[in-house]
Each structure stands twice: as C-alpha cells, then as structure tokens.
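A.B. asks: I am sharing entry-v4.tsv, which consists of TSV, C-alpha atoms:
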chain	number	residue	atom	x	y	z
A	1	MET	CA	0.00	0.00	0.00
A	2	PRO	CA	1.50	3.40	-0.96
A	3	ARG	CA	2.02	6.07	1.62
A	4	THR	CA	-0.97	8.36	1.60
A	5	ASN	CA	1.01	11.57	1.21
A	6	GLY	CA	3.35	10.25	-1.43
A	7	THR	CA	6.57	10.55	0.59
A	8	SER	CA	9.04	7.75	1.23
A	9	HIS	CA	10.07	9.17	4.60
A	10	PRO	CA	9.06	7.25	7.77
A	11	PRO	CA	6.91	9.24	10.20
A	12	ALA	CA	9.58	10.08	12.79
A	13	ARG	CA	11.61	11.88	10.12
A	14	LEU	CA	8.55	14.04	9.50
A	15	GLY	CA	8.33	15.02	13.16
A	16	TYR	CA	5.94	12.37	14.49
A	17	ARG	CA	6.16	10.43	17.76
A	18	MET	CA	3.95	7.94	19.57
A	19	PRO	CA	2.39	9.62	22.62
A	20	ALA	CA	2.01	7.96	25.99
A	21	GLU	CA	-1.35	6.42	26.82
A	22	TRP	CA	-2.06	8.97	29.55
A	23	GLU	CA	-1.79	11.90	27.12
A	24	PRO	CA	-5.20	13.34	26.07
A	25	HIS	CA	-7.34	11.13	23.86
A	26	ALA	CA	-9.68	12.09	21.07
A	27	ALA	CA	-11.26	8.63	21.31
A	28	THR	CA	-10.81	4.97	22.15
A	29	TRP	CA	-11.23	2.30	19.46
A	30	ILE	CA	-12.83	-1.02	20.31
A	31	ALA	CA	-14.20	-3.90	18.21
A	32	TRP	CA	-17.56	-5.30	19.29
A	33	PRO	CA	-17.16	-9.04	20.06
A	34	HIS	CA	-18.55	-11.65	17.70
A	35	ASN	CA	-16.08	-14.54	17.50
A	36	GLN	CA	-17.49	-17.05	19.96
A	37	ARG	CA	-14.43	-19.29	19.53
A	38	ASP	CA	-12.40	-16.75	21.49
A	39	TRP	CA	-14.53	-17.39	24.59
A	40	PRO	CA	-15.90	-20.93	24.17
A	41	GLY	CA	-18.63	-21.61	26.67
A	42	LYS	CA	-18.52	-18.06	28.08
A	43	PHE	CA	-19.41	-15.83	25.16
A	44	ALA	CA	-22.84	-14.80	26.48
A	45	ALA	CA	-21.20	-12.73	29.23
A	46	ILE	CA	-18.62	-11.03	26.99
A	47	PRO	CA	-20.75	-8.36	25.23
A	48	TRP	CA	-22.00	-7.22	28.64
A	49	ALA	CA	-18.41	-6.80	29.81
A	50	PHE	CA	-17.66	-4.75	26.69
A	51	ALA	CA	-20.74	-2.62	27.33
A	52	GLU	CA	-19.55	-1.81	30.84
A	53	ILE	CA	-16.10	-0.89	29.52
A	54	VAL	CA	-17.66	1.43	26.94
A	55	ARG	CA	-19.88	3.01	29.60
A	56	LYS	CA	-16.84	3.91	31.69
A	57	LEU	CA	-14.87	5.19	28.71
A	58	THR	CA	-17.64	7.50	27.49
A	59	LEU	CA	-17.46	9.42	30.76
A	60	GLY	CA	-14.36	11.12	29.39
A	61	GLU	CA	-14.05	10.51	25.67
A	62	ARG	CA	-15.60	9.30	22.45
A	63	VAL	CA	-15.61	5.56	21.70
A	64	ARG	CA	-15.29	4.35	18.12
A	65	ILE	CA	-16.75	0.85	17.78
A	66	LEU	CA	-16.03	-1.55	14.93
A	67	VAL	CA	-18.99	-3.70	13.86
A	68	HIS	CA	-19.67	-6.12	11.01
A	69	SER	CA	-23.05	-4.96	9.76
A	70	ALA	CA	-26.20	-3.00	10.48
A	71	ALA	CA	-27.54	-5.96	12.49
A	72	HIS	CA	-24.34	-6.26	14.52
A	73	GLU	CA	-24.45	-2.53	15.18
A	74	ALA	CA	-28.09	-2.72	16.28
A	75	ARG	CA	-27.32	-5.46	18.80
A	76	ALA	CA	-24.41	-3.50	20.22
A	77	ASP	CA	-26.42	-0.29	20.31
A	78	GLU	CA	-29.27	-1.94	22.20
A	79	MET	CA	-26.91	-3.37	24.79
A	80	LEU	CA	-25.14	-0.02	25.25
A	81	SER	CA	-28.49	1.72	25.74
A	82	ARG	CA	-29.50	-0.84	28.37
A	83	VAL	CA	-26.42	-0.14	30.49
A	84	GLY	CA	-26.86	3.63	30.23
A	85	VAL	CA	-24.13	4.61	27.76
A	86	ASP	CA	-24.25	8.19	26.48
A	87	ARG	CA	-24.90	7.47	22.79
A	88	ALA	CA	-23.67	10.92	21.78
A	89	GLN	CA	-20.21	9.67	22.75
A	90	VAL	CA	-20.33	6.57	20.53
A	91	GLU	CA	-19.55	6.26	16.82
A	92	PHE	CA	-19.89	3.02	14.87
A	93	PHE	CA	-17.70	1.98	11.95
A	94	ARG	CA	-18.85	-0.94	9.83
A	95	PHE	CA	-15.40	-2.44	9.44
A	96	ALA	CA	-15.50	-6.23	9.65
A	97	THR	CA	-12.95	-7.85	11.99
A	98	ASP	CA	-11.82	-11.38	12.62
A	99	ARG	CA	-11.56	-10.97	16.39
A	100	ALA	CA	-11.91	-8.29	19.07
A	101	TRP	CA	-8.31	-7.64	20.19
A	102	THR	CA	-8.15	-4.05	18.94
A	103	ARG	CA	-4.94	-3.26	20.85
A	104	ASP	CA	-3.01	-5.56	18.57
A	105	PHE	CA	-4.49	-4.94	15.12
A	106	GLY	CA	-5.95	-1.46	15.59
A	107	PRO	CA	-4.42	1.82	14.41
A	108	LEU	CA	-1.20	2.90	16.13
A	109	PHE	CA	-1.38	6.69	16.12
A	110	VAL	CA	1.56	9.08	16.07
A	111	VAL	CA	1.40	12.85	16.55
A	112	ARG	CA	3.63	15.80	15.68
A	113	ARG	CA	6.30	16.37	18.30
A	114	GLY	CA	5.33	18.87	20.95
A	115	GLY	CA	1.70	18.69	19.87
A	116	ALA	CA	2.18	21.61	17.49
A	117	LYS	CA	0.15	21.77	14.31
A	118	PRO	CA	2.18	21.81	11.11
A	119	ALA	CA	2.23	24.85	8.90
A	120	ARG	CA	-0.59	25.06	6.35
A	121	GLY	CA	-0.04	22.63	3.50
A	122	ARG	CA	2.79	20.83	5.25
A	123	GLY	CA	1.13	17.73	6.58
A	124	HIS	CA	-1.14	16.56	9.37
A	125	SER	CA	-0.91	16.77	13.14
A	126	ARG	CA	-1.70	13.03	13.41
A	127	ALA	CA	-0.91	9.93	11.37
A	128	ILE	CA	-1.05	6.15	11.64
A	129	ALA	CA	2.08	3.97	11.73
A	130	GLY	CA	1.06	1.00	9.62
A	131	PHE	CA	2.57	-2.14	11.07
A	132	ARG	CA	1.51	-5.47	9.62
A	133	PHE	CA	-0.68	-7.83	11.66
A	134	ASN	CA	-0.53	-11.63	11.27
A	135	ALA	CA	-2.47	-12.85	14.34
A	136	TRP	CA	0.60	-13.15	16.57
A	137	ALA	CA	2.21	-15.56	14.07
A	138	ARG	CA	-0.11	-18.16	15.58
A	139	TYR	CA	-3.66	-18.10	14.18
A	140	SER	CA	-5.05	-18.26	10.66
A	141	ASN	CA	-7.86	-15.69	10.96
A	142	TRP	CA	-6.29	-12.25	10.57
A	143	GLU	CA	-6.89	-10.75	7.11
A	144	ARG	CA	-9.84	-8.53	8.05
A	145	ASP	CA	-8.10	-7.39	11.22
A	146	ALA	CA	-4.99	-6.51	9.22
A	147	ARG	CA	-6.95	-4.04	7.07
A	148	ILE	CA	-8.25	-1.98	10.00
A	149	PRO	CA	-5.39	0.58	10.36
A	150	ALA	CA	-5.54	1.61	6.70
A	151	ARG	CA	-9.35	1.79	6.82
A	152	ALA	CA	-9.18	3.92	9.95
A	153	ALA	CA	-6.69	6.27	8.28
A	154	LYS	CA	-9.01	6.68	5.32
A	155	ALA	CA	-12.05	7.29	7.53
A	156	LEU	CA	-10.23	9.91	9.62
A	157	ARG	CA	-8.38	11.39	6.63
A	158	VAL	CA	-4.97	11.07	8.21
A	159	PRO	CA	-1.75	9.79	6.60
A	160	PHE	CA	-0.93	6.10	6.75
A	161	TYR	CA	2.74	5.13	6.79
A	162	PRO	CA	3.46	1.42	6.22
A	163	ALA	CA	6.27	0.35	8.55
A	164	ARG	CA	9.10	-1.18	6.53
A	165	ILE	CA	12.79	-1.82	6.89
A	166	ASP	CA	14.99	-2.62	3.90
A	167	GLY	CA	11.87	-3.27	1.83
A	168	GLN	CA	10.36	-5.70	4.37
A	169	ASP	CA	7.00	-5.05	6.04
A	170	VAL	CA	7.31	-5.16	9.83
A	171	VAL	CA	4.90	-7.13	12.02
A	172	LEU	CA	4.11	-5.54	15.39
A	173	GLU	CA	1.13	-5.71	17.73
A	174	GLY	CA	0.12	-2.81	19.96
A	175	GLY	CA	0.27	-5.03	23.05
A	176	ALA	CA	3.93	-5.76	22.40
A	177	ILE	CA	5.02	-2.19	23.16
A	178	ASP	CA	4.51	0.48	25.81
A	179	VAL	CA	5.94	4.01	25.55
A	180	ASN	CA	6.43	6.96	27.89
A	181	GLY	CA	5.98	9.59	25.18
A	182	ARG	CA	9.46	10.99	25.82
A	183	GLY	CA	11.55	8.54	23.81
A	184	SER	CA	11.55	5.27	25.79
A	185	ILE	CA	9.76	2.03	24.95
A	186	LEU	CA	9.22	-1.23	26.86
A	187	VAL	CA	9.34	-4.55	24.97
A	188	THR	CA	10.22	-8.21	25.63
A	189	GLU	CA	12.80	-10.40	23.98
A	190	GLU	CA	10.46	-13.39	24.17
A	191	CYS	CA	7.89	-11.69	21.95
A	192	LEU	CA	10.05	-9.82	19.46
A	193	LEU	CA	13.32	-11.77	19.23
A	194	SER	CA	12.15	-15.39	19.27
A	195	LYS	CA	13.45	-17.28	16.24
A	196	SER	CA	11.49	-20.49	16.77
A	197	VAL	CA	8.21	-19.67	18.52
A	198	GLN	CA	5.74	-17.25	16.93
A	199	ALA	CA	8.54	-15.44	15.08
A	200	ARG	CA	7.01	-12.21	13.78
A	201	ASN	CA	9.91	-10.89	11.72
A	202	PRO	CA	12.36	-13.61	10.67
A	203	GLY	CA	15.74	-12.10	9.93
A	204	LEU	CA	15.23	-8.95	12.00
A	205	GLY	CA	17.30	-8.71	15.16
A	206	ARG	CA	17.56	-6.30	18.04
A	207	ALA	CA	19.36	-3.56	16.11
A	208	GLU	CA	16.92	-3.66	13.18
A	209	LEU	CA	13.88	-3.50	15.47
A	210	GLU	CA	15.35	-0.59	17.39
A	211	ARG	CA	15.73	1.22	14.08
A	212	VAL	CA	12.10	0.42	13.25
A	213	PHE	CA	10.96	1.91	16.58
A	214	ALA	CA	13.03	5.04	16.03
A	215	GLU	CA	11.84	5.64	12.48
A	216	ASN	CA	8.16	4.80	12.94
A	217	LEU	CA	7.37	5.67	16.57
A	218	GLY	CA	10.02	8.27	17.37
A	219	VAL	CA	11.47	6.27	20.28
A	220	THR	CA	15.20	5.79	20.60
A	221	ASN	CA	15.64	4.24	24.05
A	222	VAL	CA	14.54	0.59	24.10
A	223	LEU	CA	14.11	-1.20	27.45
A	224	TRP	CA	14.36	-4.93	26.69
A	225	LEU	CA	12.84	-7.24	29.28
A	226	GLY	CA	13.03	-11.03	29.06
A	227	LYS	CA	10.06	-13.38	29.28
A	228	GLY	CA	6.39	-12.52	29.61
A	229	LEU	CA	3.69	-14.24	31.66
A	230	ALA	CA	2.87	-17.93	31.58
A	231	GLY	CA	-0.34	-18.67	29.72
A	232	ASP	CA	0.02	-15.71	27.33
A	233	ASP	CA	-0.75	-16.94	23.81
A	234	THR	CA	1.01	-13.89	22.33
A	235	HIS	CA	4.35	-15.29	23.58
A	236	GLY	CA	5.40	-12.41	25.76
A	237	HIS	CA	3.37	-9.23	25.29
A	238	ILE	CA	4.61	-6.40	27.49
A	239	ASP	CA	1.12	-5.19	28.44
A	240	ASP	CA	0.62	-8.16	30.77
A	241	LEU	CA	4.02	-7.63	32.37
A	242	ALA	CA	5.21	-4.03	32.78
A	243	ARG	CA	3.76	-0.61	31.98
A	244	PHE	CA	4.71	3.05	32.13
A	245	VAL	CA	2.38	5.05	34.38
A	246	ASP	CA	4.19	8.36	33.92
A	247	PRO	CA	7.37	9.40	32.07
A	248	ARG	CA	9.64	8.08	34.83
A	249	THR	CA	7.64	5.35	36.61
A	250	ILE	CA	7.12	1.73	35.54
A	251	VAL	CA	4.92	-0.84	37.25
A	252	ILE	CA	6.02	-4.44	36.90
A	253	CYS	CA	4.23	-7.60	37.97
A	254	GLN	CA	5.79	-9.73	40.68
A	255	GLU	CA	4.99	-13.22	41.95
A	256	LYS	CA	5.71	-14.02	45.61
A	257	ASN	CA	5.19	-17.76	45.35
A	258	ARG	CA	8.62	-19.24	44.59
A	259	ARG	CA	7.02	-22.38	43.20
A	260	ASP	CA	4.94	-20.49	40.65
A	261	VAL	CA	6.08	-20.75	37.04
A	262	ASN	CA	6.24	-16.94	36.79
A	263	PHE	CA	8.45	-16.37	39.84
A	264	ARG	CA	11.93	-16.62	38.34
A	265	ALA	CA	11.21	-14.73	35.09
A	266	LEU	CA	9.46	-11.86	36.88
A	267	LYS	CA	12.28	-11.53	39.40
A	268	GLU	CA	14.81	-11.37	36.57
A	269	ASN	CA	12.76	-8.72	34.74
A	270	ARG	CA	12.54	-6.58	37.87
A	271	GLU	CA	16.31	-6.78	38.36
A	272	ARG	CA	16.90	-5.87	34.72
A	273	LEU	CA	14.57	-2.92	34.93
A	274	ARG	CA	16.20	-1.47	38.01
A	275	SER	CA	19.56	-1.35	36.22
A	276	MET	CA	18.19	0.32	33.09
A	277	ARG	CA	18.19	3.98	32.09
A	278	LEU	CA	15.52	6.20	30.62
A	279	GLU	CA	16.04	8.41	27.58
A	280	ASP	CA	17.55	11.19	29.71
A	281	GLY	CA	20.01	8.86	31.44
A	282	SER	CA	18.10	8.63	34.71
A	283	ARG	CA	16.93	5.39	36.30
A	284	PRO	CA	13.21	4.65	36.22
A	285	GLN	CA	11.20	4.45	39.40
A	286	VAL	CA	10.04	0.82	39.62
A	287	VAL	CA	6.82	-0.08	41.44
A	288	GLU	CA	5.79	-3.68	42.02
A	289	LEU	CA	2.29	-4.82	41.11
A	290	PRO	CA	1.00	-8.15	42.46
A	291	LEU	CA	-0.47	-10.93	40.39
A	292	PRO	CA	-3.75	-12.64	41.25
A	293	ALA	CA	-3.69	-16.31	42.15
A	294	PRO	CA	-3.47	-18.45	39.00
A	295	VAL	CA	-6.66	-18.37	36.94
A	296	VAL	CA	-7.19	-21.76	35.34
A	297	PHE	CA	-10.05	-22.84	33.09
A	298	HIS	CA	-10.41	-26.25	31.42
A	299	GLY	CA	-6.93	-27.05	32.67
A	300	GLN	CA	-5.34	-24.02	31.01
A	301	ARG	CA	-3.40	-21.32	32.86
A	302	LEU	CA	-4.65	-17.91	31.69
A	303	PRO	CA	-2.64	-14.64	31.58
A	304	ALA	CA	-4.51	-12.91	34.41
A	305	SER	CA	-2.66	-9.67	35.15
A	306	TYR	CA	-3.45	-6.30	36.69
A	307	ALA	CA	-0.90	-4.76	34.29
A	308	ASN	CA	-3.48	-5.07	31.51
A	309	PHE	CA	-5.13	-1.82	32.64
A	310	TYR	CA	-6.20	0.94	30.24
A	311	ILE	CA	-5.63	4.65	30.87
A	312	SER	CA	-8.52	6.75	29.53
A	313	ASN	CA	-9.15	10.47	29.86
A	314	ALA	CA	-11.41	10.13	32.88
A	315	CYS	CA	-10.35	6.88	34.53
A	316	VAL	CA	-8.03	3.90	34.64
A	317	LEU	CA	-9.84	0.62	33.98
A	318	VAL	CA	-8.19	-2.30	35.79
A	319	PRO	CA	-9.05	-5.99	35.33
A	320	THR	CA	-10.03	-7.74	38.56
A	321	PHE	CA	-10.29	-11.47	39.28
A	322	ASN	CA	-12.22	-12.02	42.54
A	323	ASP	CA	-8.87	-12.23	44.29
A	324	PRO	CA	-7.54	-10.67	47.52
A	325	ASN	CA	-4.83	-8.95	45.46
A	326	ASP	CA	-7.51	-7.02	43.54
A	327	ARG	CA	-7.63	-4.53	46.40
A	328	ILE	CA	-3.85	-4.18	46.55
A	329	ALA	CA	-3.54	-3.62	42.80
A	330	LEU	CA	-6.34	-1.05	42.76
A	331	GLY	CA	-4.80	0.76	45.72
A	332	THR	CA	-1.34	0.83	44.13
A	333	LEU	CA	-2.66	2.18	40.85
A	334	SER	CA	-4.85	4.75	42.63
A	335	GLU	CA	-1.73	6.19	44.25
A	336	LEU	CA	0.02	6.32	40.86
A	337	PHE	CA	-2.94	7.99	39.10
A	338	PRO	CA	-4.13	10.59	41.65
A	339	LYS	CA	-5.98	12.66	39.03
A	340	ARG	CA	-7.94	9.78	37.55
A	341	THR	CA	-10.53	7.45	39.05
A	342	VAL	CA	-9.25	3.88	39.16
A	343	VAL	CA	-12.07	1.45	38.40
A	344	GLY	CA	-12.04	-2.33	38.67
A	345	ILE	CA	-13.69	-4.30	35.85
A	346	HIS	CA	-14.55	-7.95	36.47
A	347	ALA	CA	-12.35	-9.87	34.02
A	348	VAL	CA	-12.58	-13.56	34.95
A	349	ASP	CA	-14.72	-14.22	31.87
A	350	LEU	CA	-12.74	-11.88	29.61
A	351	VAL	CA	-9.39	-13.53	30.35
A	352	TRP	CA	-10.69	-16.86	29.01
A	353	GLY	CA	-9.99	-15.20	25.63
A	354	TYR	CA	-6.33	-14.73	26.72
A	355	GLY	CA	-6.69	-10.99	27.15
A	356	THR	CA	-8.53	-8.33	29.11
A	357	ILE	CA	-9.04	-4.56	29.06
A	358	HIS	CA	-5.85	-3.23	27.48
A	359	CYS	CA	-5.98	-5.94	24.83
A	360	LEU	CA	-9.45	-4.77	23.78
A	361	THR	CA	-8.77	-1.04	23.51
A	362	GLN	CA	-6.63	1.28	21.40
A	363	GLN	CA	-6.24	4.99	22.09
A	364	GLU	CA	-6.56	7.71	19.48
A	365	PRO	CA	-4.60	10.73	20.74
A	366	ARG	CA	-5.96	14.23	20.54
A	367	ALA	CA	-4.29	16.29	17.84
Would it be possible to restate this file's structure as structure tokens?

C.D. replies:
Amino acid sequence: MPRTNGTSHPPARLGYRMPAEWEPHAATWIAWPHNQRDWPGKFAAIPWAFAEIVRKLTLGERVRILVHSAAHEARADEMLSRVGVDRAQVEFFRFATDRAWTRDFGPLFVVRRGGAKPARGRGHSRAIAGFRFNAWARYSNWERDARIPARAAKALRVPFYPARIDGQDVVLEGGAIDVNGRGSILVTEECLLSKSVQARNPGLGRAELERVFAENLGVTNVLWLGKGLAGDDTHGHIDDLARFVDPRTIVICQEKNRRDVNFRALKENRERLRSMRLEDGSRPQVVELPLPAPVVFHGQRLPASYANFYISNACVLVPTFNDPNDRIALGTLSELFPKRTVVGIHAVDLVWGYGTIHCLTQQEPRA
C-alpha cells in the first residue's frame, strides 16, 4: 500500500512520535465481540463486559466501535443503551474484523512532536504507523483485522505510513510495546526476538527492530525485558508484564510464590529494569504490582494480570479477578494515578480469551 502523502520518509523523520497512553485522547477504538471461539462456553457474558467498559470510557471521551453490519451494530447499540451509555459519545464503523483484540491490530497513532500543528499545507498533526498484523504468528484468521489501520486512516483522513525496513514489512502488535511519550519504549525479547516460537519478523534482530521503533514511533531508548507471563498466547506481550504510568515510573508484575512458574522470570525482569536507564540517562522508578492467584479454566493457565489496565481520559480501567490482590492492585494504581478514578472491571470471563481490558482497547490521541 502506498504512503498516503506520497513521501518515502518514515513518520519520525517528519516530526511524528507515539504519545504515551495517559496523554489526552480524542477517542478509544474497540471492536464489538462476535467470534465465539475466542470465549468458548462463556461468550454470552462477553458483550456485557464490553458494554460496561464502553460506559466507563464514554465518561471522558468518544468511543469508536467496529462492527460487522447493520444488524451487529443494532445489537451493540441496544446493549449499550441498556447499560446507560451516552450514545452521543459513541460512533460506529462498519469495518469487519476477525476478532476483538483491537490493541493488537488497531491503528497505532503518532502525533507531531510537541503537539504543534504543522504549517498550512505541510502535513497533518496526526498519522497512523502501519505495522503489519498476522495474528501473533499463531492463528489463521487475521486478514480482516490486518486491514483496519488503513481503513481507519481513510475514515479519519490522516496519513498512513506502512512500517518497513529494507523493503520488508514489519509485524508488530500494539500489546507488544509500551511508551512513555518521551523517547523510551518497553518490549520483551520473548515476543520480538524469538526465532522459533511465533517469530514475527524472521531475519530482523535487536538492532533492526530498534531502528524500526526510532523511524516509525520516534522512540530511541529501548528497554528490553526477558520473558512474559505464563499462559500468554502472544508469547510475551509487554502489556501483561510491565507498563509506564508516567514518564519516569514503571509498574512491573511480581509473583511471591517461589514455586509459581512466573516467579523466576518476573524476578529477573525486575532486576533488569532497576539497572536500566531512561532516555535522559536517569533510572526509572520501579513499582511492584501483584499478580492474582493463577486463573485456570479447562486445565489451562490464563494470563490474568493487573498490568493489563487501560488509561482513559477520565479513569483507569483495571481488570479484577475475585482475588484478595484485587484490592492491593487497585490501591497501588490509585496512588500512581491521583488525578484519575481507578475502576475495577470484572475480568474472569474476559481472560478466558487470553486478554482483558488493554488488549481490547486502542487509544486515538488528541491532535
């Protein structure tokens, strides 16, 4: 697909950067659920969970919802009305999807550095960095999801910049990265550097990916952690493991049970993080976030994590799991987000799809 403004320059060279999630949003994108195979045996509860998430989001911003058809839209609209959503804050797009994990296939927005508008006739204040999506190099149903970023760019009339390096399209999911908006990015080696399991970009190593981040997202300081959580079918997404909560502070999950499969890897990641440097040379402040007790369904360990929270304009939505650590996680995040309401969202059913709130949402920054 050609670049929409006809230039061969990657977005960072044109002055774009990826903003942090806590920076002001114009909207949140979400795909209304329809694929019952993602939540076998539990799907009936899933649209209601989505409706509650949308209700909370619309308290502070617009929500753009992807639906398949007029009938799919009508079902979603009825459910949203029943839970009291302000319909003036909702916009539907009839863009068919394969699944509902909008974080990973949805548009990754970049904005002009400093938030300044470009001079007349010299570009746009926002654009979309067009990474390729291939269903985590794991599943076969991805082609409709992969078209969403370009369709969003067309609908919003913003430039779309396909992410390439040396002529090769680059695969990257939104859940694999987390940025502080100042030049630093969190990623895992397990997800992005694996050569044998769910290899997204065969032939691309650490140096090439760091160049991709710099040219497409405007980030030059890469914080590489090791392994992600057990049970994560993405093979190591960062958004279940560690997240920026402000430009200098990172929360990272920790497991206290030495016999738990996550204990050793999480301890190593914490030690790595405490020796790292931010883009200005300073050390990050590291805050530990607990994990709930293992969530197991049909004999499968699920990636239940409080780190899969979503920062909206008005609130921070945090997955909860009917666990004593729910209260600790909510309290920790409330202290870290004093200007936002921290809200727990029941996620025991959601996580049966191998993801929760952050996996379902994608922010659109305000220009």

A.B. asks: Between CA of Ala293 in chain A and CA of Lys339 in chain A, what is the spacing in Å?

C.D. replies: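 We find that CA of Lys339 in chain A and CA of Ala293 in chain A lie 29.2 Å from each other.
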
A.B. asks: Go ahead and compute the interatomic distance for CA of Gln300 in chain A and CA of Trp39 in chain A, in Å to one decimal.

C.D. replies: 13.0 Å

A.B. asks: With all atoms listed in the file as the atoms that count, which of A:Pro202, A:Pro284, A:Pro324, A:Gly355 lies nearest to Pro303 in chain A?

C.D. replies: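 Ranking A:Pro202, A:Pro284, A:Pro324, A:Gly355 by distance to Pro303 in chain A, first place goes to A:Gly355.
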
A.B. asks: Closest to Pro107 in chain A among A:Arg259, A:Arg55, A:His34, A:Arg126, using all atoms listed in the file?

C.D. replies: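 Nearest candidate to Pro107 in chain A out of A:Arg259, A:Arg55, A:His34, A:Arg126: A:Arg126.
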
A.B. asks: Compile the contact shell of range 67-83 of chain A as JSON, numbers by chain: residues with an atom at most 9 Å away, counting only C-alpha atoms, same-chain residues fewer than 4 positions apart removed.

C.D. replies: {"A": [31, 32, 33, 34, 47, 48, 50, 51, 52, 54, 55, 87, 92, 93, 94, 95, 96, 97]}

A.B. asks: Of the residues A:Thr341, A:Thr58, A:Thr28, A:Gln285, which is the one nearest to Gly106 in chain A, using only C-alpha atoms?

C.D. replies: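 Of A:Thr341, A:Thr58, A:Thr28, A:Gln285, the one nearest Gly106 in chain A is A:Thr28, counting only C-alpha atoms.
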
A.B. asks: So, with only C-alpha atoms as the atoms that count, which of A:Trp22, A:Trp101, A:Phe213, A:Tyr16 lies closest to Asn35 in chain A?

C.D. replies: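 Under the stated criterion, the closest residue is A:Trp101.
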
A.B. asks: Return the single residue from A:Pro290, A:Gly344, A:Gly41, A:Pro149 that is closest to Val318 in chain A, with distances computed using only C-alpha atoms.

C.D. replies: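 That would be A:Gly344, the residue with the smallest distance to Val318 in chain A.
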
A.B. asks: With range 174-183 of chain A as the partner and 9 Å as the cut-off, tabulate the residues of range 187-257 of chain A that qualify, each row holding the nearest pair of atoms and their distance in Å to one decimal, using only C-alpha atoms, sorted by chain and rising number, as JSON lines.

C.D. replies:
{"residue": "A:Val187", "atom": "CA", "partner": "A:Ile177", "partner_atom": "CA", "distance": 5.2}
{"residue": "A:Thr188", "atom": "CA", "partner": "A:Ala176", "partner_atom": "CA", "distance": 7.5}
{"residue": "A:Cys191", "atom": "CA", "partner": "A:Ala176", "partner_atom": "CA", "distance": 7.1}
{"residue": "A:Leu192", "atom": "CA", "partner": "A:Ala176", "partner_atom": "CA", "distance": 7.9}
{"residue": "A:Ala214", "atom": "CA", "partner": "A:Gly183", "partner_atom": "CA", "distance": 8.7}
{"residue": "A:Leu217", "atom": "CA", "partner": "A:Gly183", "partner_atom": "CA", "distance": 8.8}
{"residue": "A:Gly218", "atom": "CA", "partner": "A:Gly183", "partner_atom": "CA", "distance": 6.6}
{"residue": "A:Val219", "atom": "CA", "partner": "A:Gly183", "partner_atom": "CA", "distance": 4.2}
{"residue": "A:Thr220", "atom": "CA", "partner": "A:Gly183", "partner_atom": "CA", "distance": 5.6}
{"residue": "A:Asn221", "atom": "CA", "partner": "A:Gly183", "partner_atom": "CA", "distance": 5.9}
{"residue": "A:Val222", "atom": "CA", "partner": "A:Gly183", "partner_atom": "CA", "distance": 8.5}
{"residue": "A:Thr234", "atom": "CA", "partner": "A:Ala176", "partner_atom": "CA", "distance": 8.6}
{"residue": "A:Gly236", "atom": "CA", "partner": "A:Ala176", "partner_atom": "CA", "distance": 7.6}
{"residue": "A:His237", "atom": "CA", "partner": "A:Ala176", "partner_atom": "CA", "distance": 4.6}
{"residue": "A:Ile238", "atom": "CA", "partner": "A:Ala176", "partner_atom": "CA", "distance": 5.2}
{"residue": "A:Asp239", "atom": "CA", "partner": "A:Gly175", "partner_atom": "CA", "distance": 5.5}
{"residue": "A:Asp240", "atom": "CA", "partner": "A:Gly175", "partner_atom": "CA", "distance": 8.3}
{"residue": "A:Ala242", "atom": "CA", "partner": "A:Asp178", "partner_atom": "CA", "distance": 8.3}
{"residue": "A:Arg243", "atom": "CA", "partner": "A:Asp178", "partner_atom": "CA", "distance": 6.3}
{"residue": "A:Phe244", "atom": "CA", "partner": "A:Asn180", "partner_atom": "CA", "distance": 6.0}
{"residue": "A:Val245", "atom": "CA", "partner": "A:Asn180", "partner_atom": "CA", "distance": 7.9}
{"residue": "A:Asp246", "atom": "CA", "partner": "A:Asn180", "partner_atom": "CA", "distance": 6.6}
{"residue": "A:Pro247", "atom": "CA", "partner": "A:Asn180", "partner_atom": "CA", "distance": 4.9}
{"residue": "A:Arg248", "atom": "CA", "partner": "A:Asn180", "partner_atom": "CA", "distance": 7.7}
{"residue": "A:Thr249", "atom": "CA", "partner": "A:Asn180", "partner_atom": "CA", "distance": 8.9}

A.B. asks: Neighbouring residues of Val197 in chain A were defined as those with any atom within 9 Å, considering only C-alpha atoms; residues of the same chain fewer than 5 positions away were excluded. Please report them as a list in words.

C.D. replies: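 Surrounding residues, per the criterion: Ala137, Arg138, Glu190, Cys191 and His235 of chain A.
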
A.B. asks: In Å, with one decimal, what is the gap from CA of Arg327 in chain A to CA of Ala307 in chain A?

C.D. replies: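 If I compute the distance from CA of Arg327 in chain A to CA of Ala307 in chain A, I get 13.9 Å.
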
A.B. asks: With all atoms listed in the file as the basis for distance, which of A:Ser125, A:Pro11, A:Ile65, A:Leu229 is at the shortest distance from Arg164 in chain A?

C.D. replies: A:Pro11

A.B. asks: Within 6 Å of (-10.0, -7.1, 23.4) (file coordinates; all atoms listed in the file), which protein or nucleic acid residues are there? I'd like them as a list in words.

C.D. replies: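 Residues found, by chain and rising number: Ala100, Trp101, Thr102, Cys359 and Leu360 of chain A.
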